[in-house]
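*Asks:* Hey, dropping upload.cif in here, mmCIF, C-alpha atoms:
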data_work
loop_
_atom_site.label_atom_id
_atom_site.label_comp_id
_atom_site.auth_asym_id
_atom_site.auth_seq_id
_atom_site.Cartn_x
_atom_site.Cartn_y
_atom_site.Cartn_z
CA MET M 1 52.69 53.79 -37.06
CA ALA M 2 49.49 52.70 -35.32
CA GLY M 3 51.27 52.92 -31.95
CA VAL M 4 52.02 56.62 -32.46
CA ASP M 5 48.37 57.41 -33.16
CA GLU M 6 47.13 55.15 -30.38
CA GLN M 7 48.66 57.01 -27.42
CA PRO M 8 46.92 60.40 -27.93
CA ARG M 9 43.61 58.62 -28.58
CA ARG M 10 43.93 56.64 -25.34
CA ALA M 11 44.68 59.83 -23.41
CA ALA M 12 41.63 61.73 -24.68
CA PRO M 13 38.90 62.11 -22.04
CA ASP M 14 36.19 60.86 -24.39
CA GLY M 15 34.71 58.16 -22.13
CA ARG M 16 31.21 58.40 -20.69
CA LEU M 17 29.41 56.85 -17.75
CA PHE M 18 25.73 56.05 -18.29
CA ARG M 19 22.83 54.88 -16.12
CA LEU M 20 20.30 52.41 -17.51
CA SER M 21 16.94 52.83 -15.79
CA ARG M 22 14.39 50.11 -15.09
CA GLU M 23 12.45 51.54 -18.04
CA LEU M 24 15.57 50.97 -20.18
CA ALA M 25 16.23 54.69 -20.63
CA LEU M 26 19.91 55.56 -20.97
CA THR M 27 21.11 58.72 -19.18
CA GLU M 28 24.61 60.16 -19.22
CA GLN M 29 25.90 60.55 -15.66
CA GLU M 30 29.52 61.54 -16.20
CA ARG M 31 31.64 62.67 -19.14
CA GLU M 32 35.28 63.29 -19.93
CA VAL M 33 36.44 59.97 -18.50
CA HIS M 34 39.83 58.79 -19.79
CA ILE M 35 39.79 55.02 -19.14
CA CYS M 36 36.52 53.88 -17.59
CA ASN M 37 36.78 50.87 -15.23
CA GLY M 38 34.90 49.29 -12.38
CA PRO M 39 32.18 50.13 -11.55
CA ALA M 40 31.23 48.46 -8.28
CA PHE M 41 28.52 49.21 -5.75
CA ALA M 42 28.93 49.28 -1.97
CA ASN M 43 27.24 46.38 -0.23
CA ASP M 44 24.37 48.64 0.88
CA GLY M 45 23.90 50.04 -2.66
CA GLN M 46 24.33 53.61 -1.46
CA VAL M 47 27.70 54.26 -3.14
CA MET M 48 29.06 53.46 -6.58
CA TYR M 49 32.82 53.27 -7.05
CA HIS M 50 34.20 54.12 -10.48
CA THR M 51 37.77 54.09 -11.77
CA ASP M 52 39.48 56.37 -14.23
CA SER M 53 42.59 54.23 -14.68
CA LEU M 54 44.58 56.81 -16.63
CA LEU M 55 44.19 59.36 -13.84
CA GLY M 56 44.92 56.69 -11.20
CA ARG M 57 41.86 57.42 -9.14
CA VAL M 58 38.69 55.88 -7.86
CA CYS M 59 35.72 58.17 -7.32
CA ALA M 60 32.75 57.45 -5.07
CA TYR M 61 29.28 58.56 -6.14
CA PRO M 62 26.33 58.67 -3.78
CA VAL M 63 23.45 56.69 -5.27
CA GLY M 64 20.10 58.43 -4.99
CA PRO M 65 16.53 57.39 -5.72
CA GLY M 66 16.14 55.55 -9.00
CA GLY M 67 19.89 54.96 -9.16
CA VAL M 68 20.70 58.56 -10.04
CA LEU M 69 24.30 59.35 -9.13
CA GLY M 70 25.12 62.35 -6.99
CA PRO M 71 28.29 64.42 -7.28
CA PRO M 72 31.44 62.30 -7.04
CA HIS M 73 34.39 62.75 -4.75
CA VAL M 74 37.85 61.24 -5.13
CA TRP M 75 37.69 58.22 -2.84
CA ARG M 76 41.31 57.16 -3.40
CA GLN M 77 44.12 58.58 -5.51
CA PHE M 78 46.78 56.01 -6.46
CA ASP M 79 50.50 56.59 -6.88
CA THR M 80 50.50 54.65 -10.17
CA ALA M 81 54.32 54.40 -10.31
CA ALA M 82 54.43 52.69 -6.90
CA GLU M 83 51.04 50.93 -6.72
CA GLY M 84 49.93 50.43 -10.30
CA ALA M 85 46.80 51.92 -11.85
CA PRO M 86 43.41 50.98 -10.43
CA ASP M 87 41.51 48.80 -12.89
CA GLY M 88 38.59 46.40 -12.40
CA MET M 89 37.09 45.96 -8.96
CA THR M 90 34.50 44.26 -6.80
CA VAL M 91 33.06 44.66 -3.30
CA ASP M 92 32.81 42.07 -0.54
CA CYS M 93 30.04 41.48 2.02
CA GLU M 94 31.85 43.59 4.63
CA GLY M 95 32.13 46.61 2.33
CA GLY M 96 35.77 46.00 1.39
CA VAL M 97 36.64 47.19 -2.12
CA TRP M 98 38.97 44.84 -4.03
CA ILE M 99 40.89 46.58 -6.83
CA ALA M 100 43.13 45.02 -9.48
CA GLN M 101 46.21 47.23 -9.83
CA TRP M 102 47.48 47.20 -13.42
CA GLY M 103 51.25 47.46 -13.37
CA GLY M 104 51.29 46.76 -9.63
CA ALA M 105 51.23 42.93 -9.72
CA ARG M 106 48.55 42.82 -7.04
CA VAL M 107 44.92 43.05 -6.05
CA CYS M 108 44.25 45.03 -2.89
CA ARG M 109 41.37 45.28 -0.47
CA TYR M 110 40.52 48.76 0.78
CA LEU M 111 38.19 49.60 3.64
CA PRO M 112 35.26 51.93 2.91
CA ASP M 113 37.38 54.89 4.08
CA GLY M 114 40.07 54.05 1.46
CA THR M 115 42.58 52.51 3.89
CA LEU M 116 44.62 49.59 2.53
CA ASP M 117 43.58 46.41 4.36
CA ALA M 118 44.94 43.37 2.45
CA VAL M 119 47.15 42.54 -0.53
CA VAL M 120 47.05 39.54 -2.88
CA ARG M 121 50.39 39.49 -4.72
CA LEU M 122 50.51 38.00 -8.21
CA PRO M 123 53.26 36.63 -10.46
CA VAL M 124 52.10 38.95 -13.27
CA SER M 125 52.34 42.72 -13.59
CA GLN M 126 48.94 43.39 -15.15
CA PRO M 127 46.00 42.12 -13.10
CA SER M 128 42.97 43.54 -14.85
CA SER M 129 39.88 42.70 -12.81
CA CYS M 130 38.49 40.54 -10.03
CA ALA M 131 35.20 38.93 -9.05
CA PHE M 132 33.96 36.64 -6.30
CA GLY M 133 32.70 33.16 -7.07
CA GLY M 134 32.73 29.60 -5.86
CA PRO M 135 30.14 27.79 -3.75
CA ASN M 136 30.49 30.20 -0.79
CA LEU M 137 31.50 33.30 -2.78
CA SER M 138 34.84 33.18 -0.95
CA THR M 139 37.02 32.63 -4.02
CA LEU M 140 38.41 35.77 -5.62
CA TYR M 141 38.97 35.20 -9.33
CA ILE M 142 41.53 37.52 -10.89
CA THR M 143 42.04 38.14 -14.60
CA SER M 144 45.33 39.35 -16.01
CA ALA M 145 46.59 40.67 -19.33
CA ARG M 146 49.55 40.32 -21.70
CA GLN M 147 48.86 43.61 -23.50
CA ASP M 148 51.92 45.68 -24.43
CA LEU M 149 54.38 43.38 -22.62
CA SER M 150 57.70 42.89 -24.40
CA GLU M 151 59.09 39.45 -25.22
CA GLU M 152 61.47 39.84 -22.28
CA GLN M 153 58.62 40.72 -19.91
CA LEU M 154 56.60 37.77 -21.18
CA ALA M 155 59.56 35.47 -20.55
CA ASP M 156 59.69 36.78 -16.95
CA GLN M 157 55.90 36.49 -16.60
CA PRO M 158 54.90 33.24 -18.34
CA LEU M 159 51.49 33.35 -16.62
CA ALA M 160 50.61 36.82 -17.96
CA GLY M 161 47.09 36.63 -19.39
CA ALA M 162 46.10 33.77 -17.05
CA LEU M 163 43.19 33.54 -14.64
CA PHE M 164 44.10 33.27 -10.96
CA SER M 165 42.10 32.44 -7.84
CA ALA M 166 42.59 33.16 -4.16
CA GLU M 167 40.64 31.65 -1.28
CA LEU M 168 39.71 34.38 1.19
CA ASP M 169 38.25 34.64 4.68
CA VAL M 170 35.68 37.14 3.43
CA ARG M 171 32.84 36.49 1.02
CA GLY M 172 31.70 38.41 -1.99
CA LEU M 173 28.18 39.56 -2.68
CA PRO M 174 25.70 37.61 -4.79
CA PRO M 175 25.04 39.21 -8.17
CA ALA M 176 22.50 42.01 -8.06
CA ARG M 177 19.43 41.63 -10.24
CA PHE M 178 18.56 44.37 -12.67
CA GLY M 179 15.11 45.92 -12.34
#
Render the structure in this file as structure tokens.
*Replies:*
Amino acid sequence: MAGVDEQPRRAAPDGRLFRLSRELALTEQEREVHICNGPAFANDGQVMYHTDSLLGRVCAYPVGPGGVLGPPHVWRQFDTAAEGAPDGMTVDCEGGVWIAQWGGARVCRYLPDGTLDAVVRLPVSQPSSCAFGGPNLSTLYITSARQDLSEEQLADQPLAGALFSAELDVRGLPPARFG
């Protein structure tokens, strides 16, 4: 009966969000997170986006001196039944936020104000995250999952769990260096 015990545990808001300083000190920034995903930083480093997938929302935190996060606000609330739950994400060089939508069979680009701008449709229901790569950082790599899919769903989605790529007209950001 592991499945019966698993659901309440997954729903408990026992996740935490921490900041690691240049001095390697760990500081709790947020508590009572259900399913912690993301995070991603705006291209100017002034905002951090963070997902609580279970609640279907992405919050934006102002980033202050030393990387200390200010009070969050709900940047975008998802209709998880229609759109899927927000999961992993990345940011492009124009400030677009790309979000894998678990259960939504897509990765979407949102403008900094939260407006939907572009959709990459996938042949799998559970895209889990995305990241830019390739020689020009214009390839969006998308991971997917097979977790909790029935045999029938897996038969309909033979590529579930695969890695996908999409060539885009926008580039990602180079990796940020720590410290």
*Asks:* Translate the PyMOL selection byres ((chain M and resi 21) around 9) into a concrete residue list for this structure, as a list in words.
*Replies:*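 Answer for the PyMOL selection byres ((chain M and resi 21) around 9): Arg19, Leu20, Arg22, Glu23, Leu24, Ala25, Leu26, Thr27, Gly66, Gly67, Val68 and Gly179 of chain M.
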*Asks:* Selected residues, C-alpha atoms, written as a PDB file, in the coordinates of the input, please.
*Replies:*
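What landed in out_32.pdb:
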ATOM      1  CA  ARG M  19      22.830  54.880 -16.120  1.00  0.00           C
ATOM      2  CA  LEU M  20      20.300  52.410 -17.510  1.00  0.00           C
ATOM      3  CA  ARG M  22      14.390  50.110 -15.090  1.00  0.00           C
ATOM      4  CA  GLU M  23      12.450  51.540 -18.040  1.00  0.00           C
ATOM      5  CA  LEU M  24      15.570  50.970 -20.180  1.00  0.00           C
ATOM      6  CA  ALA M  25      16.230  54.690 -20.630  1.00  0.00           C
ATOM      7  CA  LEU M  26      19.910  55.560 -20.970  1.00  0.00           C
ATOM      8  CA  THR M  27      21.110  58.720 -19.180  1.00  0.00           C
ATOM      9  CA  GLY M  66      16.140  55.550  -9.000  1.00  0.00           C
ATOM     10  CA  GLY M  67      19.890  54.960  -9.160  1.00  0.00           C
ATOM     11  CA  VAL M  68      20.700  58.560 -10.040  1.00  0.00           C
ATOM     12  CA  GLY M 179      15.110  45.920 -12.340  1.00  0.00           C
TER      13      GLY M 179
END
*Asks:* Where does the PyMOL selection byres ((chain M and resi 57) around 9) land in this file, that is, which residues does it pick, as a ChimeraX atom specification?
*Replies:* /M:50-56,58-59,74-79,85-86
*Asks:* Show which residues sit within 10 Å of stretch 137-141 of chain M, as JSON, numbers by chain. Count all atoms listed in the file, and ignore same-chain residues fewer than 3 positions away.
*Replies:* {"M": [90, 92, 93, 98, 107, 120, 129, 130, 131, 132, 133, 134, 163, 164, 165, 166, 167, 168, 169, 170, 171, 172, 173, 174]}
*Asks:* Which residues, named as in the file, does the PyMOL selection byres ((chain M and resi 176) around 12) pick out? Answer as a list in words.
*Replies:* Ala40, Phe41, Ala42, Asn43, Asp44, Gly45, Val91, Gly172, Leu173, Pro174, Pro175, Arg177, Phe178 and Gly179 of chain M
*Asks:* Can I get the selection written as a PDB file, in the coordinates of the input, with C-alpha atoms?
*Replies:*
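As a result, out12.pdb now contains:
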ATOM      1  CA  ALA M  40      31.230  48.460  -8.280  1.00  0.00           C
ATOM      2  CA  PHE M  41      28.520  49.210  -5.750  1.00  0.00           C
ATOM      3  CA  ALA M  42      28.930  49.280  -1.970  1.00  0.00           C
ATOM      4  CA  ASN M  43      27.240  46.380  -0.230  1.00  0.00           C
ATOM      5  CA  ASP M  44      24.370  48.640   0.880  1.00  0.00           C
ATOM      6  CA  GLY M  45      23.900  50.040  -2.660  1.00  0.00           C
ATOM      7  CA  VAL M  91      33.060  44.660  -3.300  1.00  0.00           C
ATOM      8  CA  GLY M 172      31.700  38.410  -1.990  1.00  0.00           C
ATOM      9  CA  LEU M 173      28.180  39.560  -2.680  1.00  0.00           C
ATOM     10  CA  PRO M 174      25.700  37.610  -4.790  1.00  0.00           C
ATOM     11  CA  PRO M 175      25.040  39.210  -8.170  1.00  0.00           C
ATOM     12  CA  ARG M 177      19.430  41.630 -10.240  1.00  0.00           C
ATOM     13  CA  PHE M 178      18.560  44.370 -12.670  1.00  0.00           C
ATOM     14  CA  GLY M 179      15.110  45.920 -12.340  1.00  0.00           C
TER      15      GLY M 179
END
*Asks:* Using all atoms listed in the file, can you tell me which of M:Glu30, M:Pro39, M:Asp87, M:Pro127 comes closest to M:Pro71?
*Replies:*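 Checking each of M:Glu30, M:Pro39, M:Asp87, M:Pro127 against M:Pro71, counting all atoms listed in the file, the winner is M:Glu30.
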*Asks:* Would you mind reading off the distance between atom CA of M:Gly114 and atom CA of M:Gly64, one decimal, in Å?
*Replies:*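 The value is 21.4 Å.
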*Asks:* Which value, in Å to one decimal, gives the distance between atom CA of M:Ala118 and atom CA of M:Gln153?
*Replies:*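 Separation between atom CA of M:Ala118 and atom CA of M:Gln153: 26.3 Å.
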*Asks:* What separation in Å, quoted to one decimal, exists between atom CA of M:Val97 and atom CA of M:Glu28?
*Replies:*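 About the pair atom CA of M:Val97 and atom CA of M:Glu28: they are 24.6 Å apart.
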*Asks:* Taking into account all atoms listed in the file, which residue in the set M:Asp14, M:Gly96, M:Gly103, M:Pro62 is nearest to M:Thr115?
*Replies:*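 Result for the nearest residue to M:Thr115: M:Gly96.
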*Asks:* Taking 6 positions as the minimum chain separation for residues in the same chain, which residues sit within 8 Å of M:Tyr61 when counting all atoms listed in the file? Answer as a list in words.
*Replies:*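 Non-adjacent residues within range: Val47, Met48, Tyr49, His50, Leu69, Gly70, Pro71, Pro72 and His73 of chain M.
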*Asks:* Can you take the partial stretch 77-113 of chain M, add N, CA and C atoms, and return it as a PDB file, in the coordinates of the input?
*Replies:*
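Below is the file rebuild-v9.pdb, written as the result:
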ATOM      1  N   GLN M  77      43.186  58.247  -4.445  1.00  0.00           N
ATOM      2  CA  GLN M  77      44.120  58.580  -5.510  1.00  0.00           C
ATOM      3  C   GLN M  77      45.315  57.647  -5.381  1.00  0.00           C
ATOM      4  N   PHE M  78      45.685  56.972  -6.476  1.00  0.00           N
ATOM      5  CA  PHE M  78      46.780  56.010  -6.460  1.00  0.00           C
ATOM      6  C   PHE M  78      48.067  56.663  -6.950  1.00  0.00           C
ATOM      7  N   ASP M  79      49.187  56.263  -6.362  1.00  0.00           N
ATOM      8  CA  ASP M  79      50.500  56.590  -6.880  1.00  0.00           C
ATOM      9  C   ASP M  79      50.787  55.481  -7.894  1.00  0.00           C
ATOM     10  N   THR M  80      50.460  55.714  -9.168  1.00  0.00           N
ATOM     11  CA  THR M  80      50.500  54.650 -10.170  1.00  0.00           C
ATOM     12  C   THR M  80      51.911  54.099 -10.377  1.00  0.00           C
ATOM     13  N   ALA M  81      52.951  54.893 -10.163  1.00  0.00           N
ATOM     14  CA  ALA M  81      54.320  54.400 -10.310  1.00  0.00           C
ATOM     15  C   ALA M  81      54.643  53.375  -9.227  1.00  0.00           C
ATOM     16  N   ALA M  82      54.128  53.584  -8.019  1.00  0.00           N
ATOM     17  CA  ALA M  82      54.430  52.690  -6.900  1.00  0.00           C
ATOM     18  C   ALA M  82      53.390  51.573  -6.730  1.00  0.00           C
ATOM     19  N   GLU M  83      52.121  51.880  -7.001  1.00  0.00           N
ATOM     20  CA  GLU M  83      51.040  50.930  -6.720  1.00  0.00           C
ATOM     21  C   GLU M  83      50.444  50.269  -7.949  1.00  0.00           C
ATOM     22  N   GLY M  84      50.637  50.858  -9.103  1.00  0.00           N
ATOM     23  CA  GLY M  84      49.930  50.430 -10.300  1.00  0.00           C
ATOM     24  C   GLY M  84      48.651  51.241 -10.420  1.00  0.00           C
ATOM     25  N   ALA M  85      48.034  51.157 -11.590  1.00  0.00           N
ATOM     26  CA  ALA M  85      46.800  51.920 -11.850  1.00  0.00           C
ATOM     27  C   ALA M  85      45.588  51.095 -11.433  1.00  0.00           C
ATOM     28  N   PRO M  86      44.623  51.720 -10.787  1.00  0.00           N
ATOM     29  CA  PRO M  86      43.410  50.980 -10.430  1.00  0.00           C
ATOM     30  C   PRO M  86      42.676  50.565 -11.704  1.00  0.00           C
ATOM     31  N   ASP M  87      42.184  49.341 -11.707  1.00  0.00           N
ATOM     32  CA  ASP M  87      41.510  48.800 -12.890  1.00  0.00           C
ATOM     33  C   ASP M  87      40.165  48.237 -12.451  1.00  0.00           C
ATOM     34  N   GLY M  88      39.871  46.996 -12.780  1.00  0.00           N
ATOM     35  CA  GLY M  88      38.590  46.400 -12.400  1.00  0.00           C
ATOM     36  C   GLY M  88      38.504  46.179 -10.906  1.00  0.00           C
ATOM     37  N   MET M  89      37.273  46.090 -10.404  1.00  0.00           N
ATOM     38  CA  MET M  89      37.090  45.960  -8.960  1.00  0.00           C
ATOM     39  C   MET M  89      35.803  45.226  -8.622  1.00  0.00           C
ATOM     40  N   THR M  90      35.707  44.864  -7.347  1.00  0.00           N
ATOM     41  CA  THR M  90      34.500  44.260  -6.800  1.00  0.00           C
ATOM     42  C   THR M  90      34.425  44.618  -5.324  1.00  0.00           C
ATOM     43  N   VAL M  91      33.280  44.340  -4.718  1.00  0.00           N
ATOM     44  CA  VAL M  91      33.060  44.660  -3.300  1.00  0.00           C
ATOM     45  C   VAL M  91      32.676  43.388  -2.572  1.00  0.00           C
ATOM     46  N   ASP M  92      33.157  43.245  -1.333  1.00  0.00           N
ATOM     47  CA  ASP M  92      32.810  42.070  -0.540  1.00  0.00           C
ATOM     48  C   ASP M  92      31.663  42.370   0.423  1.00  0.00           C
ATOM     49  N   CYS M  93      31.219  41.343   1.151  1.00  0.00           N
ATOM     50  CA  CYS M  93      30.040  41.480   2.020  1.00  0.00           C
ATOM     51  C   CYS M  93      30.276  42.384   3.221  1.00  0.00           C
ATOM     52  N   GLU M  94      31.535  42.696   3.521  1.00  0.00           N
ATOM     53  CA  GLU M  94      31.850  43.590   4.630  1.00  0.00           C
ATOM     54  C   GLU M  94      32.077  45.029   4.169  1.00  0.00           C
ATOM     55  N   GLY M  95      31.929  45.271   2.869  1.00  0.00           N
ATOM     56  CA  GLY M  95      32.130  46.610   2.330  1.00  0.00           C
ATOM     57  C   GLY M  95      33.542  46.864   1.845  1.00  0.00           C
ATOM     58  N   GLY M  96      34.414  45.853   1.904  1.00  0.00           N
ATOM     59  CA  GLY M  96      35.770  46.000   1.390  1.00  0.00           C
ATOM     60  C   GLY M  96      35.746  46.104  -0.133  1.00  0.00           C
ATOM     61  N   VAL M  97      36.566  46.983  -0.673  1.00  0.00           N
ATOM     62  CA  VAL M  97      36.640  47.190  -2.120  1.00  0.00           C
ATOM     63  C   VAL M  97      37.945  46.565  -2.600  1.00  0.00           C
ATOM     64  N   TRP M  98      37.821  45.556  -3.476  1.00  0.00           N
ATOM     65  CA  TRP M  98      38.970  44.840  -4.030  1.00  0.00           C
ATOM     66  C   TRP M  98      39.266  45.431  -5.400  1.00  0.00           C
ATOM     67  N   ILE M  99      40.519  45.898  -5.596  1.00  0.00           N
ATOM     68  CA  ILE M  99      40.890  46.580  -6.830  1.00  0.00           C
ATOM     69  C   ILE M  99      42.111  45.928  -7.448  1.00  0.00           C
ATOM     70  N   ALA M 100      41.984  45.507  -8.713  1.00  0.00           N
ATOM     71  CA  ALA M 100      43.130  45.020  -9.480  1.00  0.00           C
ATOM     72  C   ALA M 100      43.999  46.234  -9.816  1.00  0.00           C
ATOM     73  N   GLN M 101      45.306  46.093  -9.622  1.00  0.00           N
ATOM     74  CA  GLN M 101      46.210  47.230  -9.830  1.00  0.00           C
ATOM     75  C   GLN M 101      47.167  46.920 -10.977  1.00  0.00           C
ATOM     76  N   TRP M 102      46.749  47.390 -12.163  1.00  0.00           N
ATOM     77  CA  TRP M 102      47.480  47.200 -13.420  1.00  0.00           C
ATOM     78  C   TRP M 102      48.867  47.808 -13.298  1.00  0.00           C
ATOM     79  N   GLY M 103      49.880  47.000 -13.526  1.00  0.00           N
ATOM     80  CA  GLY M 103      51.250  47.460 -13.370  1.00  0.00           C
ATOM     81  C   GLY M 103      51.768  47.296 -11.953  1.00  0.00           C
ATOM     82  N   GLY M 104      50.923  46.907 -11.036  1.00  0.00           N
ATOM     83  CA  GLY M 104      51.290  46.760  -9.630  1.00  0.00           C
ATOM     84  C   GLY M 104      51.446  45.323  -9.168  1.00  0.00           C
ATOM     85  N   ALA M 105      51.085  44.353 -10.031  1.00  0.00           N
ATOM     86  CA  ALA M 105      51.230  42.930  -9.720  1.00  0.00           C
ATOM     87  C   ALA M 105      50.469  42.527  -8.456  1.00  0.00           C
ATOM     88  N   ARG M 106      49.298  43.140  -8.256  1.00  0.00           N
ATOM     89  CA  ARG M 106      48.550  42.820  -7.040  1.00  0.00           C
ATOM     90  C   ARG M 106      47.088  43.221  -7.166  1.00  0.00           C
ATOM     91  N   VAL M 107      46.308  42.634  -6.281  1.00  0.00           N
ATOM     92  CA  VAL M 107      44.920  43.050  -6.050  1.00  0.00           C
ATOM     93  C   VAL M 107      44.860  43.402  -4.575  1.00  0.00           C
ATOM     94  N   CYS M 108      44.292  44.560  -4.280  1.00  0.00           N
ATOM     95  CA  CYS M 108      44.250  45.030  -2.890  1.00  0.00           C
ATOM     96  C   CYS M 108      42.829  45.231  -2.418  1.00  0.00           C
ATOM     97  N   ARG M 109      42.650  45.011  -1.127  1.00  0.00           N
ATOM     98  CA  ARG M 109      41.370  45.280  -0.470  1.00  0.00           C
ATOM     99  C   ARG M 109      41.517  46.590   0.308  1.00  0.00           C
ATOM    100  N   TYR M 110      40.559  47.479   0.081  1.00  0.00           N
ATOM    101  CA  TYR M 110      40.520  48.760   0.780  1.00  0.00           C
ATOM    102  C   TYR M 110      39.242  48.831   1.604  1.00  0.00           C
ATOM    103  N   LEU M 111      39.362  49.382   2.785  1.00  0.00           N
ATOM    104  CA  LEU M 111      38.190  49.600   3.640  1.00  0.00           C
ATOM    105  C   LEU M 111      37.354  50.734   3.043  1.00  0.00           C
ATOM    106  N   PRO M 112      36.104  50.860   3.471  1.00  0.00           N
ATOM    107  CA  PRO M 112      35.260  51.930   2.910  1.00  0.00           C
ATOM    108  C   PRO M 112      35.830  53.341   3.030  1.00  0.00           C
ATOM    109  N   ASP M 113      36.761  53.561   3.970  1.00  0.00           N
ATOM    110  CA  ASP M 113      37.380  54.890   4.080  1.00  0.00           C
ATOM    111  C   ASP M 113      38.610  55.039   3.180  1.00  0.00           C
TER     112      ASP M 113
END
